[in-house]
>>> print(open('coords-v6.cif').read())   # mmCIF, C-alpha atoms
data_query
#
loop_
_atom_site.label_atom_id
_atom_site.label_comp_id
_atom_site.auth_asym_id
_atom_site.auth_seq_id
_atom_site.Cartn_x
_atom_site.Cartn_y
_atom_site.Cartn_z
CA MET A 971 -120.89 113.32 -25.57
CA LYS A 972 -121.64 115.01 -22.24
CA ARG A 973 -125.28 115.34 -23.26
CA ALA A 974 -125.45 111.64 -24.15
CA VAL A 975 -123.95 110.64 -20.81
CA ALA A 976 -126.33 112.93 -18.92
CA LEU A 977 -129.29 111.45 -20.75
CA SER A 978 -128.05 107.95 -19.96
CA MET A 979 -128.00 108.82 -16.25
CA ILE A 980 -131.53 110.20 -16.46
CA LEU A 981 -132.57 107.00 -18.19
CA ALA A 982 -130.99 104.86 -15.49
CA LEU A 983 -132.87 106.81 -12.81
CA LEU A 984 -136.12 106.26 -14.66
CA LEU A 985 -135.45 102.52 -14.67
CA ILE A 986 -135.93 102.44 -10.92
CA ALA A 987 -139.29 104.21 -10.87
CA SER A 988 -140.58 103.48 -14.35
CA ALA A 989 -144.23 102.89 -15.20
CA TYR A 990 -145.32 100.78 -18.14
CA THR A 991 -148.64 100.49 -19.93
CA PRO A 992 -150.58 97.82 -18.00
CA ARG A 993 -151.85 94.66 -19.64
CA THR A 994 -155.58 94.12 -19.76
CA GLN A 995 -155.41 90.31 -19.67
CA ALA A 996 -155.97 88.91 -16.18
CA PHE A 997 -153.81 86.10 -14.82
CA ARG A 998 -153.29 84.53 -11.41
CA ILE A 999 -151.37 85.63 -8.32
CA GLY A 1000 -149.68 82.52 -6.98
CA VAL A 1001 -148.43 83.62 -3.54
CA GLN A 1002 -150.23 84.13 -0.22
CA VAL A 1003 -149.77 86.49 2.70
CA GLY A 1004 -147.17 84.95 5.01
CA ASP A 1005 -145.10 83.35 2.25
CA TRP A 1006 -141.42 84.22 2.53
CA PHE A 1007 -138.41 83.79 0.29
CA LYS A 1008 -134.75 84.23 1.22
CA TYR A 1009 -132.07 85.17 -1.33
CA LYS A 1010 -128.32 85.57 -1.61
CA GLY A 1011 -126.78 88.21 -3.87
CA THR A 1012 -123.34 87.40 -5.28
CA ILE A 1013 -120.85 89.30 -7.41
CA VAL A 1014 -119.61 86.40 -9.52
CA TYR A 1015 -117.14 88.43 -11.57
CA TRP A 1016 -115.82 91.98 -11.44
CA TRP A 1017 -113.21 93.72 -13.56
CA ALA A 1018 -112.57 97.44 -13.93
CA GLU A 1019 -109.90 99.89 -14.97
CA PRO A 1020 -108.10 101.58 -12.04
CA ASP A 1021 -110.18 104.78 -11.85
CA VAL A 1022 -113.59 103.08 -11.97
CA PRO A 1023 -115.32 103.16 -8.56
CA PHE A 1024 -117.33 100.35 -7.04
CA PRO A 1025 -120.21 100.42 -7.76
CA PRO A 1026 -119.39 101.91 -11.18
CA HIS A 1027 -122.37 104.32 -11.03
CA MET A 1028 -125.02 105.22 -8.48
CA TYR A 1029 -127.70 103.20 -10.26
CA ALA A 1030 -125.71 99.99 -9.74
CA PHE A 1031 -126.06 100.37 -5.95
CA ILE A 1032 -127.53 96.85 -5.83
CA LEU A 1033 -123.98 95.52 -6.35
CA GLN A 1034 -122.94 97.07 -3.05
CA VAL A 1035 -126.00 95.53 -1.37
CA TYR A 1036 -125.07 92.11 -2.77
CA ASN A 1037 -121.49 92.59 -1.61
CA GLU A 1038 -122.36 93.59 1.96
CA THR A 1039 -125.31 91.32 2.85
CA GLU A 1040 -125.42 87.71 4.02
CA TRP A 1041 -128.99 87.30 2.78
CA ILE A 1042 -132.15 89.22 1.85
CA LYS A 1043 -135.62 88.03 2.83
CA TYR A 1044 -138.91 88.93 1.10
CA GLU A 1045 -142.09 88.20 3.09
CA VAL A 1046 -145.53 88.73 1.53
CA ILE A 1047 -147.50 91.05 3.84
CA GLU A 1048 -150.29 92.31 1.56
CA ILE A 1049 -151.94 91.34 -1.73
CA LYS A 1050 -154.27 93.63 -3.67
CA ALA A 1051 -155.48 91.42 -6.49
CA GLU A 1052 -157.57 94.10 -8.22
CA ALA A 1053 -154.54 96.41 -8.41
CA ARG A 1054 -152.20 93.47 -9.09
CA ASN A 1055 -149.92 94.61 -6.27
CA VAL A 1056 -147.95 92.35 -3.94
CA THR A 1057 -146.25 94.06 -0.98
CA PHE A 1058 -143.19 92.49 0.60
CA ARG A 1059 -141.49 93.19 3.91
CA VAL A 1060 -137.82 93.13 2.93
CA THR A 1061 -135.11 92.28 5.47
CA ASN A 1062 -131.46 92.93 4.62
CA HIS A 1063 -129.17 90.90 6.89
CA TRP A 1064 -125.78 92.59 6.63
CA LYS A 1065 -122.39 90.94 7.06
CA ASN A 1066 -121.73 93.14 10.11
CA GLY A 1067 -124.62 91.43 11.91
CA THR A 1068 -127.18 94.25 11.65
CA GLU A 1069 -130.53 94.15 9.87
CA THR A 1070 -132.53 96.81 8.04
CA TYR A 1071 -136.15 96.66 6.90
CA TYR A 1072 -138.39 98.29 4.32
CA ASN A 1073 -141.60 97.57 2.41
CA LEU A 1074 -141.58 96.99 -1.35
CA THR A 1075 -144.77 96.99 -3.43
CA ASP A 1076 -144.27 95.08 -6.65
CA ASN A 1077 -146.85 95.70 -9.37
CA MET A 1078 -147.14 92.67 -11.62
CA ASP A 1079 -147.63 94.80 -14.74
CA THR A 1080 -145.41 97.82 -14.20
CA SER A 1081 -142.59 97.33 -11.69
CA PHE A 1082 -138.96 97.24 -12.70
CA THR A 1083 -137.94 94.81 -9.96
CA MET A 1084 -140.15 91.99 -11.30
CA MET A 1085 -139.95 89.99 -8.06
CA ILE A 1086 -143.21 88.30 -9.03
CA ILE A 1087 -145.11 87.59 -12.23
CA ASP A 1088 -148.37 85.75 -12.86
CA ALA A 1089 -148.41 82.05 -12.06
CA ASP A 1090 -148.71 79.41 -14.77
CA LEU A 1091 -147.51 81.52 -17.69
CA GLY A 1092 -145.82 79.90 -20.67
CA PRO A 1093 -143.23 80.66 -23.35
CA GLY A 1094 -144.42 83.53 -25.52
CA ASP A 1095 -146.49 85.17 -22.77
CA MET A 1096 -145.67 88.84 -22.26
CA VAL A 1097 -144.37 89.95 -18.87
CA ARG A 1098 -143.83 93.61 -19.82
CA PRO A 1099 -145.10 95.63 -22.82
CA ALA A 1100 -143.03 97.89 -25.06
CA TYR A 1101 -142.01 101.22 -23.59
CA ASP A 1102 -140.84 104.39 -25.34
CA TRP A 1103 -138.35 106.31 -23.20
CA GLY A 1104 -138.06 109.21 -25.61
CA PHE A 1105 -134.72 110.47 -26.97
CA GLY A 1106 -135.21 107.96 -29.80
CA TYR A 1107 -134.79 105.09 -27.35
CA SER A 1108 -137.31 102.36 -26.52
CA TRP A 1109 -137.61 98.88 -25.10
CA PRO A 1110 -139.45 96.14 -26.98
CA PRO A 1111 -142.08 93.95 -25.28
CA ARG A 1112 -140.56 91.27 -23.08
CA TYR A 1113 -141.81 87.74 -23.52
CA LEU A 1114 -140.97 84.56 -21.65
CA ASN A 1115 -138.40 82.61 -23.66
CA ASN A 1116 -138.58 79.15 -22.20
CA THR A 1117 -139.70 76.72 -19.51
CA ILE A 1118 -136.98 74.71 -17.78
CA THR A 1119 -136.93 72.24 -14.90
CA VAL A 1120 -134.81 73.39 -11.97
CA ASP A 1121 -133.50 71.32 -9.06
CA TYR A 1122 -133.57 72.64 -5.50
CA ILE A 1123 -131.22 71.45 -2.76
CA GLY A 1124 -133.24 69.14 -0.53
CA GLY A 1125 -136.35 69.62 -2.67
CA SER A 1126 -138.06 68.29 -5.76
CA PRO A 1127 -137.47 69.57 -9.32
CA ARG A 1128 -139.88 72.36 -10.29
CA PRO A 1129 -140.76 74.04 -13.60
CA VAL A 1130 -139.36 77.55 -13.97
CA LYS A 1131 -140.17 80.29 -16.51
CA VAL A 1132 -137.28 82.14 -18.14
CA LEU A 1133 -136.83 85.65 -19.53
CA ASP A 1134 -133.41 86.13 -21.14
CA TRP A 1135 -132.95 89.45 -22.92
CA VAL A 1136 -130.36 92.07 -23.87
CA LEU A 1137 -131.25 95.71 -23.25
CA PRO A 1138 -130.99 97.93 -26.33
CA ALA A 1139 -127.80 99.97 -26.03
CA PHE A 1140 -128.49 103.64 -25.31
CA ILE A 1141 -124.81 104.56 -25.72
CA PRO A 1142 -123.00 102.60 -28.46
CA GLY A 1143 -120.73 99.92 -27.08
CA SER A 1144 -122.59 99.28 -23.81
CA TYR A 1145 -124.03 95.84 -23.13
CA THR A 1146 -126.45 94.67 -20.44
CA ARG A 1147 -128.04 91.22 -20.35
CA GLN A 1148 -130.67 90.21 -17.79
CA ILE A 1149 -131.80 86.63 -17.11
CA TYR A 1150 -134.83 86.08 -14.88
CA TRP A 1151 -136.17 82.79 -13.51
CA TRP A 1152 -139.63 82.59 -11.91
CA ASP A 1153 -141.22 79.59 -10.23
CA ASN A 1154 -144.14 78.46 -12.38
CA ALA A 1155 -146.68 77.69 -9.62
CA THR A 1156 -146.14 80.83 -7.51
CA GLY A 1157 -144.69 83.30 -10.02
CA ILE A 1158 -142.00 84.28 -7.50
CA GLN A 1159 -138.51 85.13 -8.73
CA VAL A 1160 -136.05 82.35 -7.90
CA ARG A 1161 -133.00 83.62 -9.76
CA TYR A 1162 -131.78 86.80 -11.43
CA GLU A 1163 -128.52 87.29 -13.31
CA VAL A 1164 -127.16 90.52 -14.78
CA ARG A 1165 -124.12 90.92 -17.02
CA GLU A 1166 -122.93 94.41 -17.83
CA ASN A 1167 -120.04 95.65 -19.96
CA SER A 1168 -119.84 99.43 -20.14
CA THR A 1169 -117.92 102.63 -19.43
CA ALA A 1170 -118.04 104.69 -16.23
CA TYR A 1171 -118.14 108.49 -16.20
CA ASP A 1172 -117.64 111.04 -13.44
CA PRO A 1173 -121.18 112.11 -12.39
CA ASN A 1174 -120.10 115.74 -11.97
CA THR A 1175 -117.73 116.37 -14.88
CA PHE A 1176 -118.94 113.54 -17.18
CA GLU A 1177 -115.32 112.70 -17.89
CA ARG A 1178 -114.55 109.12 -18.82
CA LEU A 1179 -113.21 107.06 -15.90
CA GLY A 1180 -112.70 103.74 -17.63
CA ASP A 1181 -114.31 100.50 -18.70
CA TYR A 1182 -115.80 97.89 -16.40
CA ARG A 1183 -117.67 94.61 -16.59
CA TYR A 1184 -119.33 92.36 -14.07
CA ILE A 1185 -121.63 89.39 -13.55
CA ALA A 1186 -123.93 89.34 -10.52
CA THR A 1187 -126.60 86.90 -9.37
CA PHE A 1188 -129.53 86.99 -6.95
CA GLU A 1189 -130.58 83.45 -6.02
CA LEU A 1190 -133.19 81.81 -3.83
CA ILE A 1191 -131.61 79.95 -0.89
CA ASP A 1192 -134.65 79.15 1.30
CA SER A 1193 -138.42 79.65 1.60
CA ASN A 1194 -141.43 78.66 3.69
CA TYR A 1195 -142.03 75.97 1.03
CA ASN A 1196 -138.71 74.31 2.00
CA TRP A 1197 -137.48 74.44 -1.58
CA GLY A 1198 -133.87 75.05 -0.61
CA ALA A 1199 -131.36 76.72 -2.89
CA VAL A 1200 -131.70 76.87 -6.66
CA ILE A 1201 -129.15 74.76 -8.54
CA PRO A 1202 -128.33 76.56 -11.83
CA GLU A 1203 -128.49 74.46 -14.98
CA TYR A 1204 -125.22 75.66 -16.49
CA PRO A 1205 -121.88 74.25 -15.23
CA LYS A 1206 -119.78 76.32 -12.85
CA TRP A 1207 -116.43 75.87 -14.58
CA PRO A 1208 -116.80 78.58 -17.28
CA LEU A 1209 -117.26 81.22 -14.58
CA ALA A 1210 -114.33 79.81 -12.62
CA VAL A 1211 -112.10 80.03 -15.69
CA LEU A 1212 -113.36 83.57 -16.33
CA THR A 1213 -112.60 84.60 -12.76
CA LEU A 1214 -109.09 83.10 -12.87
CA ALA A 1215 -108.37 84.90 -16.13
CA ALA A 1216 -109.62 88.18 -14.68
CA THR A 1217 -107.51 87.70 -11.54
CA ALA A 1218 -104.40 87.09 -13.63
CA THR A 1219 -105.09 90.25 -15.63
CA ILE A 1220 -105.57 92.32 -12.49
CA VAL A 1221 -102.37 90.99 -10.90
CA CYS A 1222 -100.41 91.79 -14.04
CA TYR A 1223 -101.63 95.39 -14.07
CA GLY A 1224 -101.55 95.95 -10.32
CA ARG A 1225 -105.35 96.20 -10.02
CA LYS A 1226 -107.55 94.80 -7.28
CA PHE A 1227 -111.07 93.53 -6.92
CA ARG A 1228 -113.03 96.03 -4.85
CA PRO A 1229 -115.82 93.62 -3.81
CA LYS A 1230 -115.02 91.53 -0.73
#
>>> encode(input="coords-v6.cif", output="structure tokens")
Amino acid sequence: MKRAVALSMILALLLIASAYTPRTQAFRIGVQVGDWFKYKGTIVYWWAEPDVPFPPHMYAFILQVYNETEWIKYEVIEIKAEARNVTFRVTNHWKNGTETYYNLTDNMDTSFTMMIIDADLGPGDMVRPAYDWGFGYSWPPRYLNNTITVDYIGGSPRPVKVLDWVLPAFIPGSYTRQIYWWDNATGIQVRYEVRENSTAYDPNTFERLGDYRYIATFELIDSNYNWGAVIPEYPKWPLAVLTLAATATIVCYGRKFRPK
């Protein structure tokens, strides 16, 4: 079991810096230098057994970023079309009033972040090829599932491409679902949702700490195109009911939400 947990941690680390086999088919980069996009990360739902830390493992650090920032801005500062690289200047505006900055280069064939894909793709188009991680574990190719029309606050409805997929479980019983939305005309990510249900382990002893589950979103709230915030298609009430149920459970067992 310890070996399986150790391998899962190695796998999670590889997710951050993974490289995939590039596609040979050329598509279109839909953004320009100077374009900017502002996002808000939100922990919609969090439940964990008492000994599970927040975040539940070091590779879920993005949850802490979502929890402690007011907004995150991505500004396009460089485009290398031949290499299919788009570089963003990323600004994290923290709830304590400070800001931090870094550059992120997103490759449109290989990056794990997938902040941008080719413009004008359609359902059935591949956004990432299959990848064999070793250890008898692999990911299938990822194809766009659907095209939907999304409303923006103060803006006009726009077509959006959707990738909705469940990661193959490396350790039996774990579950991670990722839902990506990209604007059709620019290829920029306008919404990301992740749902995870798994078990946390001590990184030093590999002892089981407990189960956890969460839902987190990363949503566009503004841009230089004046799109405004994305309005999700699904109704809000199921998540509200889920949150109330989780709160009742936590109160009954004397547990608390760690995110604030």
>>> closest_residue(input="coords-v6.cif", among="A:Asp1153, A:Asp1090, A:Glu1166, A:Asp1102", to="Arg998 in chain A", atoms="only C-alpha atoms")
A:Asp1090
>>> closest_residue(input="coords-v6.cif", among="A:Met1084, A:Ala1030, A:Val1120, A:Leu1091", to="Ala1155 in chain A", atoms="all atoms listed in the file")
A:Leu1091
>>> resolve_selection(input="coords-v6.cif", expression="the PyMOL selection byres ((chain A and resi 1167-1175) around 10)", output="ChimeraX atom specification")
/A:972,975-976,979,1017-1019,1021-1023,1025-1028,1139,1141-1147,1165-1166,1176-1185
>>> residues_around(input="coords-v6.cif", residues="range 1031-1048 of chain A", least_positions_apart="3", cutoff="10 Å", atoms="only C-alpha atoms", output="PyMOL selection string")
chain A and resi 1001-1013+1024-1028+1051+1055-1075+1085+1184-1194+1228-1230
>>> atom_distance(input="coords-v6.cif", atom1="CA of Pro1099 in chain A", atom2="CA of Arg1128 in chain A")
26.9 Å
>>> atom_distance(input="coords-v6.cif", atom1="CA of Glu1052 in chain A", atom2="CA of Arg1112 in chain A")
22.8 Å
>>> resolve_selection(input="coords-v6.cif", expression="the PyMOL selection byres ((chain A and resi 1107) around 10)", output="list in words")
Leu981, Tyr1101, Asp1102, Trp1103, Gly1104, Phe1105, Gly1106, Ser1108, Trp1109, Pro1138, Ala1139 and Phe1140 of chain A
>>> axis_aligned_box(input="coords-v6.cif", around="range 1146-1157 of chain A", padding_each_side="8 Å", output="lines of an AutoDock Vina configuration file")
center_x = -136.6
center_y = 86.2
center_z = -14.0
size_x = 36.2
size_y = 33.0
size_z = 28.9
>>> atom_distance(input="coords-v6.cif", atom1="CA of Arg1054 in chain A", atom2="CA of Asn1077 in chain A")
5.8 Å
